[in-house]
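Engineer: What follows is a single structure, and I will ask about it in a moment.
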Amino acid sequence: MRGMKSGRGDHRDAHPLTGGKAPAKPKRLDTLRSFAPYLWPEGRTDLRIRVVAALLFLLVAKIITVYVPFFYRDAINALSVSSPATIAITVPAILIVAFGVGRILMVALGQVRDAVFAPVSQNAVRALALQTFRHLHALSLRFHLERRTGGLSRVIERGTKAIDLLLRFSLFNIIPTILELAFVVVIFAWAFDIWFAVVLSATIACYIVFTFAVTEWRTRFHREMNTLDTDANSKAIDSLLNFETVKYFGNEEYEAKRFDASMKRYESAAIKTMTSLSALNTGQTAIMSVGLTILMLMSAQGIVNGNMTVGDFAMLFAYFMQLAQPLNLLGTVYREIRQALIDMETMFDLLHIPSEVEDSPAAHDLKVKGGEIIFENVSFHYDKDRGILDNVSFRVPAGKTLAIVGPSGAGKSTISRILFRFYDISAGRVLIDGQDIRDVTQSSLRATVGMVPQDTVLFNETIRYNIRYGRPDATDAEVKSAASQAQIAEFIARLPQGYDSAVGERGLKLSGGEKQRVAIARTILKNPAVLILDEATSALDTHTEKEIQAALKQISENRTTLIIAHRLSTIVDADEIIVLDHGTIAERGRHEDLLALGGKYAAMWNRQREAEAAREILVQAEEPVSPEAGVSELGDGEPAQRLAIFTEGA
């Protein structure tokens with residue numbers, strides 16, 4: 001039987017981002033395996049050629065690197081030997097120039113390698129970021145209701161940077177360092193003595209073991225730092241997003257203390273990280289210094305014995321100093337790669353979270369004829385122990401209007417979410433023009449249904465962008481026509497920048513009525529066959545509500561319309577009204593029939609009428625208010641004040 005997946009479940013194993021149960025973490029090897037395709041992208045021959053070219057530059061650069069000290073040795077030996085003046089000047093000069101050219105080529109080939117590989121790494125970052133972005137939009141509404149926005153954005157940011165770092169460091173630091181170490185050990189055994197190679201190998205082995213061991217120990221501090229950083233960032237963003245609420249309750253200091261408490265924990269973890277880094281650096285320096293001292297003593301003894309030259313001594317020192325840089329970097333690289341793997345694991349956690357609602361393999365596009373909606377014995381629950389809808393059945397004929405009313409928590413808004421297929425139902429069927437919405441693609445379903453919500457949240461973009469969001473390929477003329485039908489065109493025309501005026505974060509530069517009109521214009525532009533009005537005017541004042549209702553009535557004509565209502569005066573003309581109570585249909589019928597029934601609907605109607613009558617008495621008892629000080633033509637506040645907001649921001 002088709003049904004919804006398990007509810008929110010046991011929160012004892014809560015995921016730090018979602019609050020729900022965490023998915024099984026991928027193993028480190030799985031993370032590397034997931035990362036490999038980005039290094040060798042399928043279908044991108046140009047990028048694969050760049051990978052091969054970068055590896056060739058890497059190999060040539062390392063060969064030059066390990067040979068450069070030979071020029072240094074030979075130059076010193078040439079200067080140390082008595083010979084004719086011309087030879088004494090010419091030979092060392094040639095060797096010194098060769099040494100300088102070799103040093104330049106070492107660096108130049110490395111830079112060319114990085115430039116050649118840059119498109120590969122940046123393509124990988126873009127591909128992973130896009131994959132994660134698409135996956136997040138494919139996840140269920142449940143995930144996004146439980147998510148922590150600040151923490152989620154920080155995880156994505158660190159994850160995308162991690163793959164760039166991992167690509168560059170693993171390919172151009174770890175592999176080159178291993179190659180160089182192998183070359184130098186062989187050269188020491190061949191050019192000096194096997195014991196030189198043994199001492200060098202022992203020094204390198206001790207250095208690597210110490211570095212890896214201490215870095216593993218330090219990893220827990222990095223994990224703790226990241227967790228606390230995510231927590232602090234989440235609190236900061238959550239507080240700033242709720243700026244007005246903080247101000248309403250005068251809780252600026254409370255929020256500051258809450259943020260400071262998170263930062264104090266982060267500070268403690270950061271101090272541990274810095275202290276342990278000092279211990280790591282000290283140990284690394286000690287190991288390298290002891291190894292270098294032993295090798296220099298052995299070389300000095302070789303000069304005394306006559307089987308080594310001063311040039312050999314200098315070459316040995318040059319090789320060791322040359323190795324010191326990648327070895328010192330190896331510690332940093334290992335630490336960064338370990339951290340990158342942690343960040344990538346967290347990001348791949350997101351990619352491993354399954355989508356709760358998915359298209360079936362045989363899903364087809366919804367074919368809309370008139371937009372008839374049928375709910376057939378529908379049951380639904382968010383949690384197994386708490387049912388929301390129980391065996392709900394109703395039909396909205398094509399082009400007709402159905403209103404749904406009931407107390408808070410009765411399941412009204414859940415019906416709209418089910419119709420959009422944000423959740424799958426646990427029993428029954430939902431049909432549009434005879435097609436089960438679980439058998440059609442989600443994209444075609446959502447293209448058919450339009451929504452004007454109670455709380456309209458706009459993008460921090462222009463008015464034009466927000467209206468055009470209903471149909472991104474719409475022309476400017478179509479955008480203006482939609483604005484005109486939504487009765488907001490005149491207000492936009494009076495703004496300094498017109499349709500290019502920014503609406504601010506979440507549309508805060510607009511009043512409630514203005515935001516609703518933008519939402520209506522957006523829906524008009526979408527031109528859906530099915531329209532949902534989810535308490536679209538319940539948060540507005542009476543004057544604004546009447547104007548918005550007129551616009552809503554206009555766009556709902558000849559469309560199948562589902563109204564989730566709070567104020568019953570807005571639905572008296574509905575073709576049918578159903579009253580939900582505890583997830584079941586308690587009453588149904590037209591407005592007049594339900595009033596005559598004298599049940600729940602009649603009681604709700606009477607309470608609202610009494611409240612409105614009492615409000616009118618209070619208004620009449622107050623001083624008359626001039627039009628300039630009242631509600632604006634298109635929303636809350638004085639027109640001059642509304643325009644001033646945009647003028648200041650222009």
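Residue numbering restarts at 1 in every chain; chains get A, B, ... in the order shown in the structure tokens, and ligands count up from 1 in that same order.
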Write out as a list in words all residues of stretch 416-474 of chain A that backbone DSSP assigns to strand (DSSP E or B).
Structural biologist: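 DSSP-assigned strand (DSSP E or B) residues in stretch 416-474 of chain A: Ala427, Gly428, Arg429, Val430, Leu431, Ile432, Gln435, Asp436, Val440, Val449, Gly450, Met451, Val452 and Thr462 of chain A.
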Engineer: Any chance you could export the current selection's C-alpha atoms as a PDB file, in the first residue's frame?
Structural biologist:
ATOM      1  CA  ALA A 427      -4.495   6.241   3.084  1.00  0.00           C
ATOM      2  CA  GLY A 428      -6.942   7.178   0.349  1.00  0.00           C
ATOM      3  CA  ARG A 429      -6.471   9.059  -2.923  1.00  0.00           C
ATOM      4  CA  VAL A 430      -6.223  12.654  -4.153  1.00  0.00           C
ATOM      5  CA  LEU A 431      -7.306  13.145  -7.759  1.00  0.00           C
ATOM      6  CA  ILE A 432      -7.109  16.065 -10.171  1.00  0.00           C
ATOM      7  CA  GLN A 435      -5.514  11.412 -12.062  1.00  0.00           C
ATOM      8  CA  ASP A 436      -3.949  10.315  -8.768  1.00  0.00           C
ATOM      9  CA  VAL A 440       2.034  12.341 -12.005  1.00  0.00           C
ATOM     10  CA  VAL A 449      -1.777  24.619  -8.669  1.00  0.00           C
ATOM     11  CA  GLY A 450      -1.356  28.251  -7.589  1.00  0.00           C
ATOM     12  CA  MET A 451      -1.157  29.499  -4.012  1.00  0.00           C
ATOM     13  CA  VAL A 452      -1.808  32.816  -2.295  1.00  0.00           C
ATOM     14  CA  THR A 462      12.939  43.876  -7.002  1.00  0.00           C
TER      15      THR A 462
END
Engineer: Mind checking which residues fall within 10 Å of A:Ser276, counting only C-alpha atoms, ignoring those fewer than 5 positions away in the same chain, and posting them as a list in words?
Structural biologist: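 Listed by chain and then number, they are Val214, Thr215, Trp217, Arg218, Phe221, Ala270, Ile271, Asn281 and Thr282 of chain A.
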Engineer: Within 9 Å of stretch 181-189 of chain A, counting only C-alpha atoms, which residues qualify if same-chain residues fewer than 4 places away don't, as a VMD selection string?
Structural biologist: chain A and resid 62 to 63 66 176 to 177 193 to 198 200 to 201 204 316 319 323
Engineer: Applying 12 Å and only C-alpha atoms, which residues near stretch 453-456 of chain A remain after dropping the ones on its own chain fewer than 2 positions away? List them as a VMD selection string.
Structural biologist: chain A and resid 413 416 to 417 450 to 451 458 to 459 466 506 to 508 510 to 520 522 to 523 531 to 540 545 548 552 562 to 566
Engineer: If we count only C-alpha atoms, what is near A:Phe394 at a cut-off of 12 Å, once residues fewer than 4 positions away on the same chain are taken out, given as a tab-separated table (two decimals) with N, CA and C atoms, in the first residue's frame?
Structural biologist:
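Contents of the output file result_2.tsv:
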chain	number	residue	atom	x	y	z
A	372	GLU	N	-10.86	19.57	-11.82
A	372	GLU	CA	-11.67	18.97	-10.76
A	372	GLU	C	-10.78	18.33	-9.70
A	373	ILE	N	-11.10	18.58	-8.43
A	373	ILE	CA	-10.34	18.01	-7.31
A	373	ILE	C	-11.22	17.03	-6.55
A	374	ILE	N	-10.66	15.86	-6.25
A	374	ILE	CA	-11.38	14.88	-5.43
A	374	ILE	C	-10.45	14.36	-4.33
A	375	PHE	N	-10.89	14.50	-3.08
A	375	PHE	CA	-10.23	13.85	-1.94
A	375	PHE	C	-11.09	12.63	-1.60
A	376	GLU	N	-10.52	11.45	-1.70
A	376	GLU	CA	-11.27	10.21	-1.54
A	376	GLU	C	-10.75	9.42	-0.34
A	377	ASN	N	-11.47	9.48	0.78
A	377	ASN	CA	-11.12	8.73	2.00
A	377	ASN	C	-9.67	8.98	2.42
A	378	VAL	N	-9.29	10.25	2.46
A	378	VAL	CA	-7.90	10.62	2.75
A	378	VAL	C	-7.64	10.65	4.25
A	402	LEU	N	-14.59	25.77	-3.26
A	402	LEU	CA	-14.83	25.07	-1.99
A	402	LEU	C	-14.09	25.82	-0.90
A	403	ALA	N	-14.78	26.10	0.20
A	403	ALA	CA	-14.14	26.75	1.35
A	403	ALA	C	-14.02	25.75	2.49
A	404	ILE	N	-12.90	25.81	3.18
A	404	ILE	CA	-12.65	24.92	4.32
A	404	ILE	C	-12.45	25.79	5.55
A	415	ILE	N	-4.43	20.18	4.18
A	415	ILE	CA	-5.07	19.81	2.91
A	415	ILE	C	-4.36	20.47	1.73
A	428	GLY	N	-6.04	6.46	1.23
A	428	GLY	CA	-6.94	7.18	0.35
A	428	GLY	C	-6.27	7.65	-0.93
A	429	ARG	N	-6.98	8.53	-1.66
A	429	ARG	CA	-6.47	9.06	-2.92
A	429	ARG	C	-6.82	10.54	-3.06
A	430	VAL	N	-5.95	11.27	-3.77
A	430	VAL	CA	-6.22	12.65	-4.15
A	430	VAL	C	-6.14	12.71	-5.67
A	431	LEU	N	-7.23	13.14	-6.30
A	431	LEU	CA	-7.31	13.15	-7.76
A	431	LEU	C	-7.50	14.56	-8.29
A	562	LEU	N	-9.85	26.54	-3.97
A	562	LEU	CA	-9.93	25.99	-2.62
A	562	LEU	C	-9.56	27.10	-1.66
A	576	GLU	N	-19.49	25.49	-1.97
A	576	GLU	CA	-19.66	24.56	-0.85
A	576	GLU	C	-18.68	24.93	0.24
A	577	ILE	N	-19.11	24.72	1.47
A	577	ILE	CA	-18.26	24.97	2.64
A	577	ILE	C	-18.22	23.69	3.45
A	578	ILE	N	-17.00	23.28	3.84
A	578	ILE	CA	-16.89	22.13	4.75
A	578	ILE	C	-16.25	22.61	6.05
A	579	VAL	N	-16.73	22.07	7.14
A	579	VAL	CA	-16.23	22.42	8.47
A	579	VAL	C	-15.41	21.24	8.98
A	580	LEU	N	-14.10	21.47	9.16
A	580	LEU	CA	-13.22	20.43	9.70
A	580	LEU	C	-13.16	20.54	11.21
A	584	THR	N	-11.77	15.52	10.81
A	584	THR	CA	-12.93	14.94	10.12
A	584	THR	C	-13.87	16.06	9.69
A	585	ILE	N	-14.71	15.75	8.70
A	585	ILE	CA	-15.69	16.74	8.23
A	585	ILE	C	-16.91	16.69	9.14
A	587	GLU	N	-19.38	19.24	9.21
A	587	GLU	CA	-20.54	19.79	8.50
A	587	GLU	C	-20.13	20.15	7.09
A	588	ARG	N	-21.10	20.19	6.19
A	588	ARG	CA	-20.82	20.63	4.83
A	588	ARG	C	-22.10	21.17	4.19
A	589	GLY	N	-21.96	22.13	3.28
A	589	GLY	CA	-23.11	22.71	2.61
A	589	GLY	C	-22.83	24.15	2.21
Engineer: Nearest to A:Ile237: which of A:Met225, A:Glu255, A:Gly291, A:Arg48 is it, counting only C-alpha atoms?
Structural biologist: A:Glu255
Engineer: Calculate how many Å separate atom CA of A:Gly409 from atom CA of A:Leu240, rounding to one decimal.
Structural biologist: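 The value is 28.8 Å.
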Engineer: Using only C-alpha atoms, can you tell me which of A:Ile163, A:Leu297, A:Ala138, A:Leu58 comes closest to A:Leu351?
Structural biologist: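 Under the stated criterion, the closest residue is A:Ala138.
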Engineer: Between atom CA of A:Val107 and atom CA of A:Ala61, what is the distance, to one decimal in Å?
Structural biologist: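 So the answer is 8.0 Å.
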Engineer: A:Val120: which residues within 8 Å, counting only C-alpha atoms, same-chain residues fewer than 5 positions away excluded, as a PDB file with all heavy atoms, in the first residue's frame?
Structural biologist:
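File around_29.pdb, as written:
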ATOM      1  N   TYR A  38      34.528  13.900  -9.366  1.00  0.00           N
ATOM      2  CA  TYR A  38      34.747  15.320  -9.589  1.00  0.00           C
ATOM      3  C   TYR A  38      36.159  15.592 -10.112  1.00  0.00           C
ATOM      4  O   TYR A  38      36.414  16.617 -10.749  1.00  0.00           O
ATOM      5  CB  TYR A  38      34.507  16.110  -8.297  1.00  0.00           C
ATOM      6  CG  TYR A  38      33.105  15.972  -7.789  1.00  0.00           C
ATOM      7  CD1 TYR A  38      32.797  15.077  -6.768  1.00  0.00           C
ATOM      8  CD2 TYR A  38      32.074  16.715  -8.340  1.00  0.00           C
ATOM      9  CE1 TYR A  38      31.492  14.938  -6.309  1.00  0.00           C
ATOM     10  CE2 TYR A  38      30.762  16.585  -7.890  1.00  0.00           C
ATOM     11  CZ  TYR A  38      30.491  15.691  -6.875  1.00  0.00           C
ATOM     12  OH  TYR A  38      29.208  15.555  -6.432  1.00  0.00           O
ATOM     13  N   LEU A  39      37.077  14.679  -9.812  1.00  0.00           N
ATOM     14  CA  LEU A  39      38.447  14.794 -10.305  1.00  0.00           C
ATOM     15  C   LEU A  39      38.551  14.351 -11.763  1.00  0.00           C
ATOM     16  O   LEU A  39      39.411  14.829 -12.504  1.00  0.00           O
ATOM     17  CB  LEU A  39      39.374  13.931  -9.431  1.00  0.00           C
ATOM     18  CG  LEU A  39      40.858  13.907  -9.783  1.00  0.00           C
ATOM     19  CD1 LEU A  39      41.457  15.288  -9.664  1.00  0.00           C
ATOM     20  CD2 LEU A  39      41.591  12.926  -8.881  1.00  0.00           C
ATOM     21  N   LEU A  47      38.281  18.769 -19.563  1.00  0.00           N
ATOM     22  CA  LEU A  47      38.775  18.773 -18.187  1.00  0.00           C
ATOM     23  C   LEU A  47      39.679  17.588 -17.920  1.00  0.00           C
ATOM     24  O   LEU A  47      40.662  17.691 -17.170  1.00  0.00           O
ATOM     25  CB  LEU A  47      37.590  18.779 -17.207  1.00  0.00           C
ATOM     26  CG  LEU A  47      36.708  20.032 -17.230  1.00  0.00           C
ATOM     27  CD1 LEU A  47      35.605  19.922 -16.194  1.00  0.00           C
ATOM     28  CD2 LEU A  47      37.538  21.298 -16.990  1.00  0.00           C
ATOM     29  N   ARG A  50      43.036  18.391 -19.130  1.00  0.00           N
ATOM     30  CA  ARG A  50      43.702  19.282 -18.177  1.00  0.00           C
ATOM     31  C   ARG A  50      44.274  18.515 -16.994  1.00  0.00           C
ATOM     32  O   ARG A  50      45.364  18.852 -16.499  1.00  0.00           O
ATOM     33  CB  ARG A  50      42.710  20.346 -17.677  1.00  0.00           C
ATOM     34  CG  ARG A  50      42.423  21.435 -18.699  1.00  0.00           C
ATOM     35  CD  ARG A  50      41.451  22.470 -18.143  1.00  0.00           C
ATOM     36  NE  ARG A  50      41.271  23.579 -19.053  1.00  0.00           N
ATOM     37  CZ  ARG A  50      42.053  24.653 -19.114  1.00  0.00           C
ATOM     38  NH1 ARG A  50      43.079  24.750 -18.274  1.00  0.00           N
ATOM     39  NH2 ARG A  50      41.817  25.621 -19.964  1.00  0.00           N
ATOM     40  N   VAL A  51      43.569  17.494 -16.521  1.00  0.00           N
ATOM     41  CA  VAL A  51      44.074  16.685 -15.409  1.00  0.00           C
ATOM     42  C   VAL A  51      45.377  15.995 -15.820  1.00  0.00           C
ATOM     43  O   VAL A  51      46.367  16.000 -15.077  1.00  0.00           O
ATOM     44  CB  VAL A  51      43.024  15.642 -14.970  1.00  0.00           C
ATOM     45  CG1 VAL A  51      43.628  14.678 -13.950  1.00  0.00           C
ATOM     46  CG2 VAL A  51      41.797  16.327 -14.377  1.00  0.00           C
TER      47      VAL A  51
END
Engineer: I need the residues in stretch 340-584 of chain A that are helix (DSSP H, G or I) according to DSSP; give them as number ranges by chain.
Structural biologist: A: 340-352, 412-419, 437-439, 442-448, 463-468, 476-485, 489-494, 498-500, 505-507, 512-526, 542-556, 568-570
Engineer: Skip stretch 396-400 of chain A itself and residues of its chain fewer than 6 positions away, then list as a PDB file with N, CA and C atoms, in the first residue's frame all residues within 7 Å of it, counting only C-alpha atoms.
Structural biologist:
ATOM      1  N   GLY A 370     -10.244  20.505 -16.653  1.00  0.00           N
ATOM      2  CA  GLY A 370     -10.993  21.574 -15.991  1.00  0.00           C
ATOM      3  C   GLY A 370     -10.465  21.887 -14.613  1.00  0.00           C
ATOM      4  N   GLY A 371      -9.751  20.934 -14.000  1.00  0.00           N
ATOM      5  CA  GLY A 371      -9.192  21.148 -12.673  1.00  0.00           C
ATOM      6  C   GLY A 371     -10.040  20.603 -11.546  1.00  0.00           C
ATOM      7  N   GLU A 372     -10.856  19.567 -11.820  1.00  0.00           N
ATOM      8  CA  GLU A 372     -11.674  18.973 -10.762  1.00  0.00           C
ATOM      9  C   GLU A 372     -10.777  18.331  -9.699  1.00  0.00           C
ATOM     10  N   ILE A 373     -11.100  18.580  -8.431  1.00  0.00           N
ATOM     11  CA  ILE A 373     -10.337  18.012  -7.310  1.00  0.00           C
ATOM     12  C   ILE A 373     -11.220  17.034  -6.552  1.00  0.00           C
ATOM     13  N   ILE A 374     -10.659  15.862  -6.251  1.00  0.00           N
ATOM     14  CA  ILE A 374     -11.377  14.878  -5.433  1.00  0.00           C
ATOM     15  C   ILE A 374     -10.446  14.363  -4.332  1.00  0.00           C
ATOM     16  N   ASN A 558     -13.721  31.287 -12.883  1.00  0.00           N
ATOM     17  CA  ASN A 558     -13.477  30.212 -13.866  1.00  0.00           C
ATOM     18  C   ASN A 558     -12.287  29.325 -13.500  1.00  0.00           C
ATOM     19  N   ARG A 559     -11.888  29.368 -12.244  1.00  0.00           N
ATOM     20  CA  ARG A 559     -10.830  28.474 -11.765  1.00  0.00           C
ATOM     21  C   ARG A 559     -11.370  27.629 -10.624  1.00  0.00           C
ATOM     22  N   THR A 560     -10.910  26.393 -10.557  1.00  0.00           N
ATOM     23  CA  THR A 560     -11.227  25.567  -9.397  1.00  0.00           C
ATOM     24  C   THR A 560     -10.497  26.166  -8.207  1.00  0.00           C
ATOM     25  N   THR A 561     -11.245  26.569  -7.191  1.00  0.00           N
ATOM     26  CA  THR A 561     -10.649  27.326  -6.088  1.00  0.00           C
ATOM     27  C   THR A 561     -10.918  26.645  -4.749  1.00  0.00           C
ATOM     28  N   ASP A 575     -19.288  27.830  -3.387  1.00  0.00           N
ATOM     29  CA  ASP A 575     -20.244  26.823  -3.862  1.00  0.00           C
ATOM     30  C   ASP A 575     -20.503  25.762  -2.796  1.00  0.00           C
TER      31      ASP A 575
END
